[in-house]
$ cat start_30.cif   # mmCIF, C-alpha atoms
data_input
loop_
_atom_site.label_atom_id
_atom_site.label_comp_id
_atom_site.auth_asym_id
_atom_site.auth_seq_id
_atom_site.Cartn_x
_atom_site.Cartn_y
_atom_site.Cartn_z
CA MET C 19 -59.72 -1.53 2.84
CA ASP C 20 -60.72 -3.71 -0.12
CA ARG C 21 -62.88 -2.35 -2.92
CA GLN C 22 -66.04 -4.17 -1.86
CA GLU C 23 -65.85 -2.74 1.65
CA PHE C 24 -64.99 0.70 0.24
CA GLU C 25 -68.05 0.69 -2.03
CA ARG C 26 -70.31 -0.48 0.80
CA LEU C 27 -69.09 2.29 3.08
CA ALA C 28 -69.27 4.95 0.35
CA LEU C 29 -72.84 4.03 -0.59
CA GLU C 30 -73.95 4.27 3.04
CA HIS C 31 -73.51 8.03 2.69
CA LEU C 32 -75.40 8.37 -0.61
CA ASP C 33 -78.39 10.13 0.98
CA ALA C 34 -76.17 12.60 2.82
CA VAL C 35 -74.20 13.35 -0.35
CA TYR C 36 -77.42 13.93 -2.30
CA ARG C 37 -78.75 16.16 0.48
CA MET C 38 -75.62 18.29 0.37
CA ALA C 39 -75.70 18.41 -3.44
CA LEU C 40 -79.34 19.51 -3.34
CA HIS C 41 -78.56 22.25 -0.83
CA LEU C 42 -75.79 23.50 -3.11
CA THR C 43 -77.61 23.29 -6.44
CA ARG C 44 -81.19 23.92 -5.24
CA ASN C 45 -82.26 21.75 -8.16
CA PRO C 46 -83.01 18.00 -7.91
CA GLU C 47 -81.81 17.16 -11.44
CA GLN C 48 -78.58 19.10 -11.01
CA ALA C 49 -78.10 17.50 -7.59
CA GLU C 50 -78.40 14.05 -9.16
CA ASP C 51 -75.77 15.02 -11.76
CA VAL C 52 -73.44 16.18 -8.99
CA VAL C 53 -73.93 12.96 -7.03
CA GLN C 54 -73.22 10.91 -10.14
CA ASP C 55 -69.98 12.83 -10.70
CA VAL C 56 -69.03 12.47 -7.03
CA TYR C 57 -69.33 8.71 -7.04
CA ALA C 58 -67.71 8.40 -10.45
CA ARG C 59 -64.67 10.16 -9.01
CA ALA C 60 -64.79 8.42 -5.63
CA LEU C 61 -64.93 4.92 -7.15
CA ARG C 62 -61.99 5.35 -9.48
CA PRO C 63 -59.33 2.72 -8.71
CA ARG C 64 -56.78 5.41 -7.85
CA ALA C 65 -59.20 7.08 -5.42
CA VAL C 66 -60.05 3.79 -3.74
CA ALA C 67 -56.38 2.91 -3.37
CA SER C 68 -55.44 6.30 -1.92
CA PHE C 69 -58.37 6.71 0.50
CA GLU C 70 -57.30 6.82 4.12
CA ASP C 71 -59.90 6.96 6.89
CA ARG C 72 -58.48 9.12 9.64
CA SER C 73 -61.68 9.34 11.69
CA SER C 74 -61.95 7.90 15.18
CA ASP C 75 -65.04 5.79 14.45
CA GLY C 76 -64.01 4.49 11.04
CA THR C 77 -66.98 6.02 9.22
CA GLY C 78 -66.78 9.80 9.52
CA GLY C 79 -63.71 9.98 7.33
CA MET C 80 -65.59 8.57 4.35
CA ARG C 81 -68.46 11.04 4.74
CA SER C 82 -66.14 14.06 5.04
CA TRP C 83 -64.14 12.83 2.05
CA LEU C 84 -67.30 12.47 -0.06
CA PHE C 85 -68.48 15.91 1.06
CA THR C 86 -65.14 17.37 -0.05
CA ILE C 87 -65.59 15.82 -3.49
CA THR C 88 -69.20 17.08 -3.61
CA HIS C 89 -68.11 20.62 -2.79
CA ASN C 90 -65.34 20.49 -5.40
CA VAL C 91 -67.58 19.02 -8.10
CA PHE C 92 -70.24 21.66 -7.55
CA TYR C 93 -67.87 24.63 -7.56
CA SER C 94 -65.99 23.25 -10.54
CA LYS C 95 -69.32 23.39 -12.38
CA VAL C 96 -69.88 26.93 -11.09
CA LYS C 97 -66.48 28.04 -12.36
CA LYS C 98 -67.16 26.41 -15.72
CA ASP C 99 -70.56 28.10 -15.94
CA LYS C 100 -68.96 31.49 -15.30
CA ARG C 101 -67.76 31.38 -18.88
CA ARG C 102 -71.39 31.40 -19.98
CA PRO C 103 -73.52 34.58 -20.16
CA GLN C 104 -75.59 33.81 -17.09
CA ALA C 105 -75.52 34.51 -13.35
CA VAL C 106 -74.00 31.87 -11.10
CA GLY C 107 -73.22 31.50 -7.42
CA GLU C 108 -70.16 33.18 -6.00
CA PHE C 109 -67.22 31.06 -4.94
CA PHE C 110 -65.33 32.27 -1.92
CA ALA C 111 -61.70 31.29 -1.48
CA GLU C 112 -59.67 32.41 1.52
CA ALA C 113 -55.89 32.21 1.46
CA ASP C 114 -55.09 33.29 5.01
CA SER C 115 -54.29 30.73 7.68
CA ALA C 116 -55.55 30.19 11.22
CA PRO C 117 -54.93 27.79 14.09
CA LEU C 118 -57.05 24.64 14.25
CA PRO C 119 -58.51 24.48 17.76
CA ASP C 120 -60.40 21.35 18.73
CA GLU C 121 -64.01 21.96 19.71
CA PRO C 122 -66.58 19.70 21.39
CA PRO C 123 -68.88 17.72 19.09
CA PRO C 124 -72.45 18.95 18.48
CA ALA C 125 -74.98 18.24 21.19
CA TRP C 126 -76.93 15.94 18.85
CA ASP C 127 -76.27 12.99 16.62
CA GLY C 128 -76.02 14.45 13.14
CA ALA C 129 -76.60 11.05 11.57
CA ALA C 130 -80.00 10.84 13.30
CA PHE C 131 -81.07 14.36 12.32
CA ASP C 132 -84.00 14.23 9.91
CA TRP C 133 -83.93 17.27 7.62
CA GLU C 134 -87.27 16.26 6.08
CA HIS C 135 -89.05 16.95 9.38
CA VAL C 136 -87.56 20.41 9.95
CA ASP C 137 -90.20 23.16 10.12
CA GLY C 138 -90.82 24.74 6.72
CA ARG C 139 -90.23 28.26 8.04
CA LEU C 140 -86.79 27.32 9.31
CA LYS C 141 -85.99 25.59 6.02
CA SER C 142 -87.09 28.66 4.10
CA ALA C 143 -84.97 30.95 6.27
CA ILE C 144 -81.94 28.71 5.72
CA GLU C 145 -82.53 28.61 1.97
CA ASP C 146 -82.54 32.42 1.92
CA LEU C 147 -79.02 32.57 3.36
CA LYS C 148 -76.13 33.37 1.05
CA ASP C 149 -74.39 30.27 -0.26
CA GLU C 150 -71.29 30.55 1.91
CA PHE C 151 -73.36 30.89 5.08
CA ARG C 152 -75.91 28.21 4.16
CA GLU C 153 -73.30 25.59 3.31
CA VAL C 154 -71.42 26.00 6.60
CA LEU C 155 -74.63 26.00 8.64
CA LEU C 156 -75.92 22.83 6.97
CA LEU C 157 -72.64 20.96 7.33
CA TRP C 158 -72.54 21.89 11.01
CA GLY C 159 -76.23 21.82 11.93
CA VAL C 160 -77.66 19.11 9.68
CA GLU C 161 -74.67 16.84 9.09
CA GLY C 162 -73.19 17.37 12.56
CA LEU C 163 -69.62 17.96 11.38
CA LYS C 164 -66.93 19.66 13.47
CA TYR C 165 -65.37 22.97 12.49
CA ARG C 166 -62.14 21.23 11.53
CA GLU C 167 -63.95 18.84 9.18
CA ILE C 168 -65.92 21.66 7.58
CA ALA C 169 -62.74 23.68 7.05
CA GLU C 170 -61.14 20.71 5.28
CA ILE C 171 -64.21 20.11 3.11
CA LEU C 172 -64.52 23.75 2.05
CA GLY C 173 -60.79 24.38 1.80
CA VAL C 174 -60.92 27.46 4.04
CA PRO C 175 -59.34 28.32 7.42
CA ILE C 176 -61.22 27.21 10.51
CA GLY C 177 -61.59 30.85 11.51
CA THR C 178 -63.57 31.44 8.31
CA VAL C 179 -65.85 28.53 9.18
CA MET C 180 -66.48 29.93 12.66
CA SER C 181 -67.11 33.41 11.30
CA ARG C 182 -69.56 32.22 8.65
CA LEU C 183 -71.39 29.99 11.12
CA HIS C 184 -71.70 32.84 13.62
CA ARG C 185 -73.06 35.13 10.91
CA ALA C 186 -75.48 32.48 9.61
CA ARG C 187 -76.90 31.80 13.07
CA LYS C 188 -77.34 35.51 13.77
CA ILE C 189 -79.14 36.11 10.47
CA LEU C 190 -81.45 33.18 11.20
CA ALA C 191 -82.13 34.33 14.75
CA ASP C 192 -82.84 37.90 13.69
CA GLY C 193 -85.23 36.70 10.97
CA LEU C 194 -87.08 34.04 12.96
CA LEU C 195 -87.38 36.03 16.17
CA GLY C 196 -89.10 38.81 14.29
CA ASP C 197 -92.26 36.71 13.92
CA THR C 198 -94.30 36.08 17.09
CA ASP C 199 -96.03 32.97 15.72
CA THR C 200 -92.72 31.44 14.65
CA VAL C 201 -91.17 32.16 18.05
CA ARG C 202 -94.11 30.40 19.74
CA ASP C 203 -94.36 27.45 17.35
CA LEU C 204 -90.63 26.73 17.28
CA GLY C 205 -90.09 27.30 20.99
CA LEU C 206 -87.68 30.18 20.46
CA SER C 207 -88.93 32.44 23.24
CA ARG C 208 -85.83 31.74 25.35
CA PHE C 209 -83.58 33.14 22.66
CA ASP C 210 -82.56 36.78 22.71
CA ALA C 211 -82.00 38.25 19.26
CA SER C 212 -80.04 41.11 20.78
CA SER C 213 -77.29 38.85 22.14
CA GLY C 214 -73.93 38.86 20.47
CA ASN C 215 -74.37 35.56 18.71
CA GLY C 216 -78.02 35.84 17.80
CA GLY C 217 -79.06 34.10 21.00
CA MET C 218 -78.78 30.63 19.47
CA GLU C 219 -76.38 28.74 21.71
#

$ encode --input "start_30.cif" --output "structure tokens"
Amino acid sequence: MDRQEFERLALEHLDAVYRMALHLTRNPEQAEDVVQDVYARALRPRAVASFEDRSSDGTGGMRSWLFTITHNVFYSKVKKDKRRPQAVGEFFAEADSAPLPDEPPPAWDGAAFDWEHVDGRLKSAIEDLKDEFREVLLLWGVEGLKYREIAEILGVPIGTVMSRLHRARKILADGLLGDTDTVRDLGLSRFDASSGNGGME
């Protein structure tokens, strides 16, 4: 892939990279700084030369690769900030290994999902999740990535991804199903909060 094509493909995912950076930082200015760092790293000659798209459609590999850089840039800043006398997010690193089963793709087109039109109550509930749960849920639910891709981006075993996603969905279900108006407005009446996975299949 020549540099011009690489830059075109990378910039196609600018909005998704910013969205992920914003979810991580929860601050528009910090998100913009992260995005700037991501593209500065991604567009280095060495990075361009070494990029290999292993996705089936020729586009997903770039997005996952940029998300990996975004995750690394953000948590590098977190680690750096830990040296300062202020509270920062917690970085979870898992060293154990697990098999990498292949799972079916999400039942929706993640690229067509419009986060801006998600109900404010659902957004608020997601924002209240702990960082490790929120990040996995957003990569899976908003960006439409597979478990394997998320595991590679976060640098954790696929079992950790599945566990965090299960926990995130249950926390959301328990919170949202506790409000009658929310259940009605969001069409959640068919979900059962007492089920093993929070009722959100």

$ atom_distance --input "start_30.cif" --atom1 "CA of Val53 in chain C" --atom2 "CA of Val160 in chain C"
18.2 Å

$ closest_residue --input "start_30.cif" --among "C:Leu172, C:Leu61, C:Ala34, C:Leu27" --to "Phe92 in chain C" --atoms "all atoms listed in the file"
C:Leu172

$ atom_distance --input "start_30.cif" --atom1 "CA of Phe151 in chain C" --atom2 "CA of Pro175 in chain C"
14.4 Å

$ atom_distance --input "start_30.cif" --atom1 "CA of Gly79 in chain C" --atom2 "CA of Leu32 in chain C"
14.2 Å

$ resolve_selection --input "start_30.cif" --expression "the PyMOL selection byres ((chain C and resi 179-191) around 8)" --output "PyMOL selection string"
chain C and resi 143-144+147+150-152+154-155+165+168-169+174-178+192-195+211+215-218

$ closest_residue --input "start_30.cif" --among "C:Asp146, C:Glu161, C:Asp51, C:Glu25" --to "Ala65 in chain C" --atoms "all atoms listed in the file"
C:Glu25

$ closest_residue --input "start_30.cif" --among "C:Gly159, C:Asp33, C:Arg62, C:Ser142" --to "Ala49 in chain C" --atoms "all atoms listed in the file"
C:Asp33

$ residues_around --input "start_30.cif" --residues "Val35 in chain C" --least-positions-apart "2" --cutoff "9 Å" --atoms "all atoms listed in the file" --output "short mmCIF file (atom, residue, chain, number, x, y, z; two decimals) with C-alpha atoms, in the coordinates of the input"
data_model
loop_
_atom_site.label_atom_id
_atom_site.label_comp_id
_atom_site.auth_asym_id
_atom_site.auth_seq_id
_atom_site.Cartn_x
_atom_site.Cartn_y
_atom_site.Cartn_z
CA HIS C 31 -73.51 8.03 2.69
CA LEU C 32 -75.40 8.37 -0.61
CA ASP C 33 -78.39 10.13 0.98
CA ARG C 37 -78.75 16.16 0.48
CA MET C 38 -75.62 18.29 0.37
CA ALA C 39 -75.70 18.41 -3.44
CA LEU C 40 -79.34 19.51 -3.34
CA VAL C 53 -73.93 12.96 -7.03
CA VAL C 56 -69.03 12.47 -7.03
CA ARG C 81 -68.46 11.04 4.74
CA LEU C 84 -67.30 12.47 -0.06
CA PHE C 85 -68.48 15.91 1.06
CA THR C 88 -69.20 17.08 -3.61
#

$ closest_residue --input "start_30.cif" --among "C:Asp20, C:Glu167, C:Asp199, C:Asp149" --to "Ser68 in chain C" --atoms "all atoms listed in the file"
C:Asp20
